[in-house]
Amino acid sequence: MPLSNSNSTKPTVSKLIIGEANKKRSPAMTTTGKTRSTARRRVAGVATAPKSPVAIEDIEDFSPSETLAIRSSLLRWYDGSHRDLPWRMPITATGGDRNSEDPAAEDQRAYAVWVSEVMLQQTRVHTVIGYFNRWMEKWPTVCDLSTASLEEVNEMWAGLGYYRRARFLLEGAKVIAENGVFPRSSSALRSVQGIGDYTAGAIASIAFSEVVPVVDGNVVRVITRLKAISANPKESRTVKLIWKLAGELVDPSRPGDFNQAIMELGATLCSSTNPNCFKCPVSDQCLAFMLSRQRDNVKVTDYPTKVAKAKQRNDFAAVCIVEIADGLDEEILSDEHHFLLIKRPENGLLAGLWEFPSLILDEASMNQSMRRKEMNKYLRRLFNVDIGGNCKVVLRQDVGEYVHIFSHIRLKMSVELLVLSLHGGFSVSSEEDQSKLTWKCVNGDSLRKMGLTSGVRKVYNMALRFKKQLTHIPKQIPKKKAKRTTG
Ligand code: SF4
């Protein structure tokens, strides 16, 4: 029982220094309850989170006794309660197991760790499990992956977001397959494009037992709490300090398990908003926990200090789902219609992924008539489609709005469905456009099987829902001429 453990490994950062610093900083501790509750609110706020009570350069290393206690408590807890996740299972593809020193088994493990760690960046474990299993079934080894196309990889990744990660996995696999060996140290791994410090540390420690740390968001949370570090966790010197402290803790005999244990602690008991300190295996070594019990105005969730996120940019897009009837089949719910898809540029946001024709417009141009005017121009310029001229409009309706949040962009899309009756299909307007543009027309069945981004899929589903609700296609009814009456 962690909280009933005695004594010997209490945190060594000076409690006195922290206490004195807090006294100087906050009048709440020496005045009335009213002032204290004000201080509590201030501490909880993003802008007024507590300043570092100890200058970052004065944060002490973990003492040998703290280090040993943290290692043994954390590993004992991990052995007894870690989650069974597919990338922690014995490696069956080569018949090896995860503790084997067989190089082939280690390489296989390294590949599984690599795929899982890349998938887990920005994505919850629960979501990743299905993706990981499907990925490993399709590409069981790094050599298998190296033969895949970007299109296939994007399809497999569809819905996970941050598609650059998938591209880097593929490019890294090609390099590794070409070299014929899996890099076996964190420094060698870092030379593979897309493998950063964190992923290199995870692969090297878990697959090859190199004694190196890993620092992800979970580890930042655990270490800033263990040491009550309230300096900005994004600042480079804080990051450096956390890597150093994490390096001190890694267990030399079980580096991979230790790294997984500290990440597991951050992902489960030491969560950002609701830590369960009373069940925590390292509560005896946790300075934030100790302070929270000593001081009314300190909570463990004050650590790490919350940093205001950079303001998101607001973008606006007109999206047009162009559906093509072949000239005979103008039935609105036909599955024989084709949809126009355009490939995004190979660089930048959602690079190389398919989408419906989309135009980024300024907010003032997002009314229906401006959107249609701009989209008409775009389709005419690129595909010789003259709306209402060389093609017949079967239906044109707005089907709704959809907001997609990227890390730095809030993209508001106004979506319309444009069903055209078009003899002879599409062709691009000029050779110049042909070289810049990759596009295709696919029927509904193929479109549903494609690996589309979640944004494109949501937009498509909006159109489907709209069509299903449609019981009557508004038709232009010619106005009757007024009858002449004779007297
Ligand atoms: S904050 Fe709580 S859960 Fe997190 S390390 Fe400290 S005692 Fe454990």
# chains A, B, ... in the order shown; residues from 1 in each chain; ligands from 1
>>> residues_near_ligand(ligand="ligand 1", cutoff="12 Å", atoms="only C-alpha atoms and all ligand atoms", output="PDB file with C-alpha atoms, in the first residue's frame")
ATOM      1  CA  PRO A   2       1.911   3.023  -1.210  1.00  0.00           C
ATOM      2  CA  LEU A   3       0.589   5.513   1.310  1.00  0.00           C
ATOM      3  CA  PRO A  11      11.364  13.666  -1.976  1.00  0.00           C
ATOM      4  CA  ILE A  70      10.537   4.668  -7.842  1.00  0.00           C
ATOM      5  CA  SER A  73       7.469   0.434  -6.992  1.00  0.00           C
ATOM      6  CA  LEU A  74       6.674   1.320 -10.553  1.00  0.00           C
ATOM      7  CA  TRP A  77       2.828  -2.049 -10.102  1.00  0.00           C
ATOM      8  CA  ASN A 218       2.378  11.188 -19.893  1.00  0.00           C
ATOM      9  CA  VAL A 219       5.976  11.162 -18.718  1.00  0.00           C
ATOM     10  CA  VAL A 220       6.051  14.973 -18.582  1.00  0.00           C
ATOM     11  CA  ARG A 221       3.016  14.855 -16.312  1.00  0.00           C
ATOM     12  CA  VAL A 222       4.453  12.222 -13.966  1.00  0.00           C
ATOM     13  CA  ILE A 223       7.871  13.853 -13.668  1.00  0.00           C
ATOM     14  CA  THR A 224       6.620  17.411 -13.222  1.00  0.00           C
ATOM     15  CA  ARG A 225       4.421  16.077 -10.440  1.00  0.00           C
ATOM     16  CA  LEU A 226       7.111  13.936  -8.830  1.00  0.00           C
ATOM     17  CA  LYS A 227       9.340  17.010  -8.704  1.00  0.00           C
ATOM     18  CA  ALA A 228       6.630  19.715  -8.485  1.00  0.00           C
ATOM     19  CA  ILE A 229       8.088  21.491 -11.491  1.00  0.00           C
ATOM     20  CA  ALA A 261       5.460   1.622 -16.736  1.00  0.00           C
ATOM     21  CA  ILE A 262       5.986   5.368 -16.363  1.00  0.00           C
ATOM     22  CA  MET A 263       3.937   6.048 -19.511  1.00  0.00           C
ATOM     23  CA  GLU A 264       1.249   3.683 -18.253  1.00  0.00           C
ATOM     24  CA  LEU A 265       1.146   5.510 -14.925  1.00  0.00           C
ATOM     25  CA  GLY A 266       0.642   8.833 -16.736  1.00  0.00           C
ATOM     26  CA  ALA A 267      -2.039   7.325 -18.948  1.00  0.00           C
ATOM     27  CA  THR A 268      -4.005   5.757 -16.112  1.00  0.00           C
ATOM     28  CA  LEU A 269      -3.584   6.736 -12.434  1.00  0.00           C
ATOM     29  CA  CYS A 270      -1.727  10.012 -12.991  1.00  0.00           C
ATOM     30  CA  SER A 271      -4.234  11.460 -15.437  1.00  0.00           C
ATOM     31  CA  SER A 272      -4.287  15.163 -16.230  1.00  0.00           C
ATOM     32  CA  THR A 273      -7.539  16.075 -14.529  1.00  0.00           C
ATOM     33  CA  ASN A 274      -8.358  13.261 -12.132  1.00  0.00           C
ATOM     34  CA  PRO A 275      -5.247  11.623 -10.689  1.00  0.00           C
ATOM     35  CA  ASN A 276      -5.773   8.758  -8.291  1.00  0.00           C
ATOM     36  CA  CYS A 277      -2.901   9.504  -5.917  1.00  0.00           C
ATOM     37  CA  PHE A 278      -4.213   7.209  -3.215  1.00  0.00           C
ATOM     38  CA  LYS A 279      -3.596   4.195  -5.447  1.00  0.00           C
ATOM     39  CA  CYS A 280      -0.369   5.485  -6.947  1.00  0.00           C
ATOM     40  CA  PRO A 281       2.716   3.292  -6.478  1.00  0.00           C
ATOM     41  CA  VAL A 282       5.027   6.322  -6.261  1.00  0.00           C
ATOM     42  CA  SER A 283       2.950   8.636  -4.075  1.00  0.00           C
ATOM     43  CA  ASP A 284       5.624   8.441  -1.370  1.00  0.00           C
ATOM     44  CA  GLN A 285       8.105   9.988  -3.772  1.00  0.00           C
ATOM     45  CA  CYS A 286       5.716  12.559  -5.221  1.00  0.00           C
ATOM     46  CA  LEU A 287       6.400  16.123  -4.203  1.00  0.00           C
ATOM     47  CA  ALA A 288       3.234  17.533  -5.781  1.00  0.00           C
ATOM     48  CA  PHE A 289       1.158  15.075  -3.783  1.00  0.00           C
ATOM     49  CA  MET A 290       3.005  15.951  -0.620  1.00  0.00           C
ATOM     50  CA  LEU A 291       2.493  19.695  -1.211  1.00  0.00           C
ATOM     51  CA  SER A 292      -1.178  19.189  -1.969  1.00  0.00           C
ATOM     52  CA  ARG A 293      -1.598  17.578   1.428  1.00  0.00           C
ATOM     53  CA  VAL A 298      -1.811  23.488  -4.112  1.00  0.00           C
ATOM     54  CA  LYS A 299      -3.317  20.694  -6.154  1.00  0.00           C
ATOM     55  CA  VAL A 300      -1.403  17.992  -7.983  1.00  0.00           C
ATOM     56  CA  THR A 301      -3.240  19.059 -11.127  1.00  0.00           C
ATOM     57  CA  ASP A 302      -1.400  22.391 -10.946  1.00  0.00           C
ATOM     58  CA  TYR A 303       1.478  20.375 -12.457  1.00  0.00           C
ATOM     59  CA  PRO A 304       2.473  20.542 -15.198  1.00  0.00           C
TER      60      PRO A 304
END
>>> residues_around(residues="stretch 463-472 of chain A", least_positions_apart="3", cutoff="12 Å", atoms="only C-alpha atoms", output="count of residues only")
34
>>> select_by_dssp(residues="stretch 199-366 of chain A", states="helix (DSSP H, G or I)", output="ChimeraX atom specification")
/A:199-208,217-226,236-249,255-267,277-279,283-285,287-294,300-302,363-365
>>> atom_distance(atom1="atom CA of A:Arg109", atom2="atom CA of A:Gly217")
23.1 Å
>>> residues_around(residues="A:Arg371", least_positions_apart="2", cutoff="9 Å", atoms="only C-alpha atoms", output="JSON, numbers by chain")
{"A": [317, 318, 319, 359, 361, 365, 366, 367, 368, 369, 373, 374, 375, 376, 414]}
>>> write_last_selection(atoms="C-alpha atoms", output="PDB file, in the first residue's frame")
ATOM      1  CA  ALA A 317     -14.089  26.370 -47.466  1.00  0.00           C
ATOM      2  CA  ALA A 318     -16.740  25.800 -50.097  1.00  0.00           C
ATOM      3  CA  VAL A 319     -17.013  22.063 -50.714  1.00  0.00           C
ATOM      4  CA  LEU A 359     -12.067  26.109 -52.388  1.00  0.00           C
ATOM      5  CA  LEU A 361     -12.614  31.439 -49.495  1.00  0.00           C
ATOM      6  CA  SER A 365     -17.527  35.130 -49.754  1.00  0.00           C
ATOM      7  CA  MET A 366     -19.228  32.252 -47.976  1.00  0.00           C
ATOM      8  CA  ASN A 367     -22.764  33.171 -48.912  1.00  0.00           C
ATOM      9  CA  GLN A 368     -24.409  30.752 -51.323  1.00  0.00           C
ATOM     10  CA  SER A 369     -24.237  32.858 -54.464  1.00  0.00           C
ATOM     11  CA  LYS A 373     -19.964  31.512 -58.528  1.00  0.00           C
ATOM     12  CA  GLU A 374     -16.445  30.599 -57.395  1.00  0.00           C
ATOM     13  CA  MET A 375     -17.098  26.863 -57.699  1.00  0.00           C
ATOM     14  CA  ASN A 376     -18.538  27.285 -61.198  1.00  0.00           C
ATOM     15  CA  SER A 414     -20.157  24.797 -46.389  1.00  0.00           C
TER      16      SER A 414
END
>>> closest_residue(among="A:Ser236, A:Leu411, A:Ala351, A:Phe406", to="A:Asn154", atoms="only C-alpha atoms")
A:Ala351
>>> atom_distance(atom1="atom CA of A:Val175", atom2="atom CA of A:Pro345")
23.5 Å
>>> closest_residue(among="A:Met119, A:Val113, A:Leu249, A:Val442", to="A:Phe62", atoms="only C-alpha atoms")
A:Leu249
>>> residues_around(residues="A:Gly130", least_positions_apart="3", cutoff="12 Å", atoms="only C-alpha atoms", output="list in words")
Leu85, Pro86, Trp87, Ser116, Met119, Leu120, Arg124, Val125, His126, Thr127, Asn133, Arg134, Trp135, Met136, Glu137, Met156, Trp157, Gly159 and Leu160 of chain A
>>> residues_around(residues="A:Trp139", least_positions_apart="4", cutoff="12 Å", atoms="only C-alpha atoms", output="MDAnalysis selection string")
chainID A and resid 93 108 111:112 115 131:135 143:149 152:153 156 169:170 173
>>> write_last_selection(atoms="N, CA and C atoms", output="PDB file, in the first residue's frame")
ATOM      1  N   ALA A  93       4.827 -13.577 -35.329  1.00  0.00           N
ATOM      2  CA  ALA A  93       5.137 -13.670 -36.762  1.00  0.00           C
ATOM      3  C   ALA A  93       6.426 -14.439 -37.006  1.00  0.00           C
ATOM      4  N   GLN A 108      11.407  -7.687 -35.180  1.00  0.00           N
ATOM      5  CA  GLN A 108       9.963  -7.743 -35.327  1.00  0.00           C
ATOM      6  C   GLN A 108       9.288  -6.932 -34.223  1.00  0.00           C
ATOM      7  N   TYR A 111       9.629  -3.246 -34.940  1.00  0.00           N
ATOM      8  CA  TYR A 111       8.666  -2.782 -35.940  1.00  0.00           C
ATOM      9  C   TYR A 111       7.295  -2.571 -35.290  1.00  0.00           C
ATOM     10  N   ALA A 112       6.867  -3.539 -34.467  1.00  0.00           N
ATOM     11  CA  ALA A 112       5.554  -3.417 -33.808  1.00  0.00           C
ATOM     12  C   ALA A 112       5.522  -2.206 -32.876  1.00  0.00           C
ATOM     13  N   VAL A 115       5.328   1.025 -35.054  1.00  0.00           N
ATOM     14  CA  VAL A 115       3.983   1.276 -35.604  1.00  0.00           C
ATOM     15  C   VAL A 115       3.047   1.744 -34.482  1.00  0.00           C
ATOM     16  N   TYR A 131      -6.716  -0.320 -35.480  1.00  0.00           N
ATOM     17  CA  TYR A 131      -5.825   0.097 -36.574  1.00  0.00           C
ATOM     18  C   TYR A 131      -4.534  -0.722 -36.559  1.00  0.00           C
ATOM     19  N   PHE A 132      -3.989  -0.904 -35.363  1.00  0.00           N
ATOM     20  CA  PHE A 132      -2.730  -1.640 -35.242  1.00  0.00           C
ATOM     21  C   PHE A 132      -2.899  -3.076 -35.744  1.00  0.00           C
ATOM     22  N   ASN A 133      -3.969  -3.728 -35.303  1.00  0.00           N
ATOM     23  CA  ASN A 133      -4.176  -5.126 -35.712  1.00  0.00           C
ATOM     24  C   ASN A 133      -4.342  -5.245 -37.230  1.00  0.00           C
ATOM     25  N   ARG A 134      -5.108  -4.318 -37.819  1.00  0.00           N
ATOM     26  CA  ARG A 134      -5.313  -4.383 -39.277  1.00  0.00           C
ATOM     27  C   ARG A 134      -4.004  -4.118 -40.016  1.00  0.00           C
ATOM     28  N   TRP A 135      -3.239  -3.169 -39.496  1.00  0.00           N
ATOM     29  CA  TRP A 135      -1.958  -2.810 -40.120  1.00  0.00           C
ATOM     30  C   TRP A 135      -0.998  -4.008 -40.108  1.00  0.00           C
ATOM     31  N   CYS A 143       9.649  -5.118 -44.040  1.00  0.00           N
ATOM     32  CA  CYS A 143       9.859  -5.338 -45.486  1.00  0.00           C
ATOM     33  C   CYS A 143       8.534  -5.340 -46.229  1.00  0.00           C
ATOM     34  N   ASP A 144       7.517  -5.939 -45.628  1.00  0.00           N
ATOM     35  CA  ASP A 144       6.189  -5.910 -46.261  1.00  0.00           C
ATOM     36  C   ASP A 144       5.719  -4.465 -46.411  1.00  0.00           C
ATOM     37  N   LEU A 145       5.896  -3.691 -45.357  1.00  0.00           N
ATOM     38  CA  LEU A 145       5.443  -2.296 -45.420  1.00  0.00           C
ATOM     39  C   LEU A 145       6.187  -1.526 -46.513  1.00  0.00           C
ATOM     40  N   SER A 146       7.467  -1.838 -46.658  1.00  0.00           N
ATOM     41  CA  SER A 146       8.280  -1.060 -47.616  1.00  0.00           C
ATOM     42  C   SER A 146       7.778  -1.216 -49.055  1.00  0.00           C
ATOM     43  N   THR A 147       6.997  -2.263 -49.323  1.00  0.00           N
ATOM     44  CA  THR A 147       6.501  -2.464 -50.697  1.00  0.00           C
ATOM     45  C   THR A 147       5.135  -1.813 -50.918  1.00  0.00           C
ATOM     46  N   ALA A 148       4.577  -1.239 -49.870  1.00  0.00           N
ATOM     47  CA  ALA A 148       3.234  -0.645 -49.997  1.00  0.00           C
ATOM     48  C   ALA A 148       3.313   0.678 -50.747  1.00  0.00           C
ATOM     49  N   SER A 149       2.184   1.090 -51.295  1.00  0.00           N
ATOM     50  CA  SER A 149       2.121   2.418 -51.913  1.00  0.00           C
ATOM     51  C   SER A 149       1.590   3.409 -50.884  1.00  0.00           C
ATOM     52  N   GLU A 152      -2.115   3.078 -50.458  1.00  0.00           N
ATOM     53  CA  GLU A 152      -2.563   1.984 -49.577  1.00  0.00           C
ATOM     54  C   GLU A 152      -2.377   2.355 -48.111  1.00  0.00           C
ATOM     55  N   VAL A 153      -1.234   2.991 -47.826  1.00  0.00           N
ATOM     56  CA  VAL A 153      -0.938   3.363 -46.442  1.00  0.00           C
ATOM     57  C   VAL A 153      -1.947   4.405 -45.951  1.00  0.00           C
ATOM     58  N   MET A 156      -5.204   2.732 -45.169  1.00  0.00           N
ATOM     59  CA  MET A 156      -5.178   2.012 -43.896  1.00  0.00           C
ATOM     60  C   MET A 156      -5.231   3.008 -42.725  1.00  0.00           C
ATOM     61  N   LEU A 169       6.142   6.683 -41.727  1.00  0.00           N
ATOM     62  CA  LEU A 169       6.313   5.244 -41.466  1.00  0.00           C
ATOM     63  C   LEU A 169       6.714   4.528 -42.752  1.00  0.00           C
ATOM     64  N   LEU A 170       6.026   4.871 -43.837  1.00  0.00           N
ATOM     65  CA  LEU A 170       6.307   4.221 -45.116  1.00  0.00           C
ATOM     66  C   LEU A 170       7.728   4.577 -45.592  1.00  0.00           C
ATOM     67  N   ALA A 173      10.250   2.812 -43.509  1.00  0.00           N
ATOM     68  CA  ALA A 173      10.306   1.367 -43.817  1.00  0.00           C
ATOM     69  C   ALA A 173      11.123   1.127 -45.083  1.00  0.00           C
TER      70      ALA A 173
END
>>> residues_around(residues="A:Phe258", least_positions_apart="3", cutoff="12 Å", atoms="only C-alpha atoms", output="PyMOL selection string")
chain A and resi 67-68+70-79+82+201-202+205-206+209-214+219+246-255+261-265
>>> residues_around(residues="A:Val118", least_positions_apart="6", cutoff="9 Å", atoms="only C-alpha atoms", output="MDAnalysis selection string")
chainID A and resid 165:166 169 195 199
>>> atom_distance(atom1="atom CA of A:Ser407", atom2="atom CA of A:Gln122")
10.1 Å
>>> select_by_dssp(residues="stretch 93-332 of chain A", states="strand (DSSP E or B)", output="list of chain:residue names")
A:Arg313, A:Asn314, A:Asp315, A:Phe316, A:Ala317, A:Ala318, A:Val319, A:Cys320, A:Ile321, A:Val322, A:Glu323, A:Ile324, A:Ala325
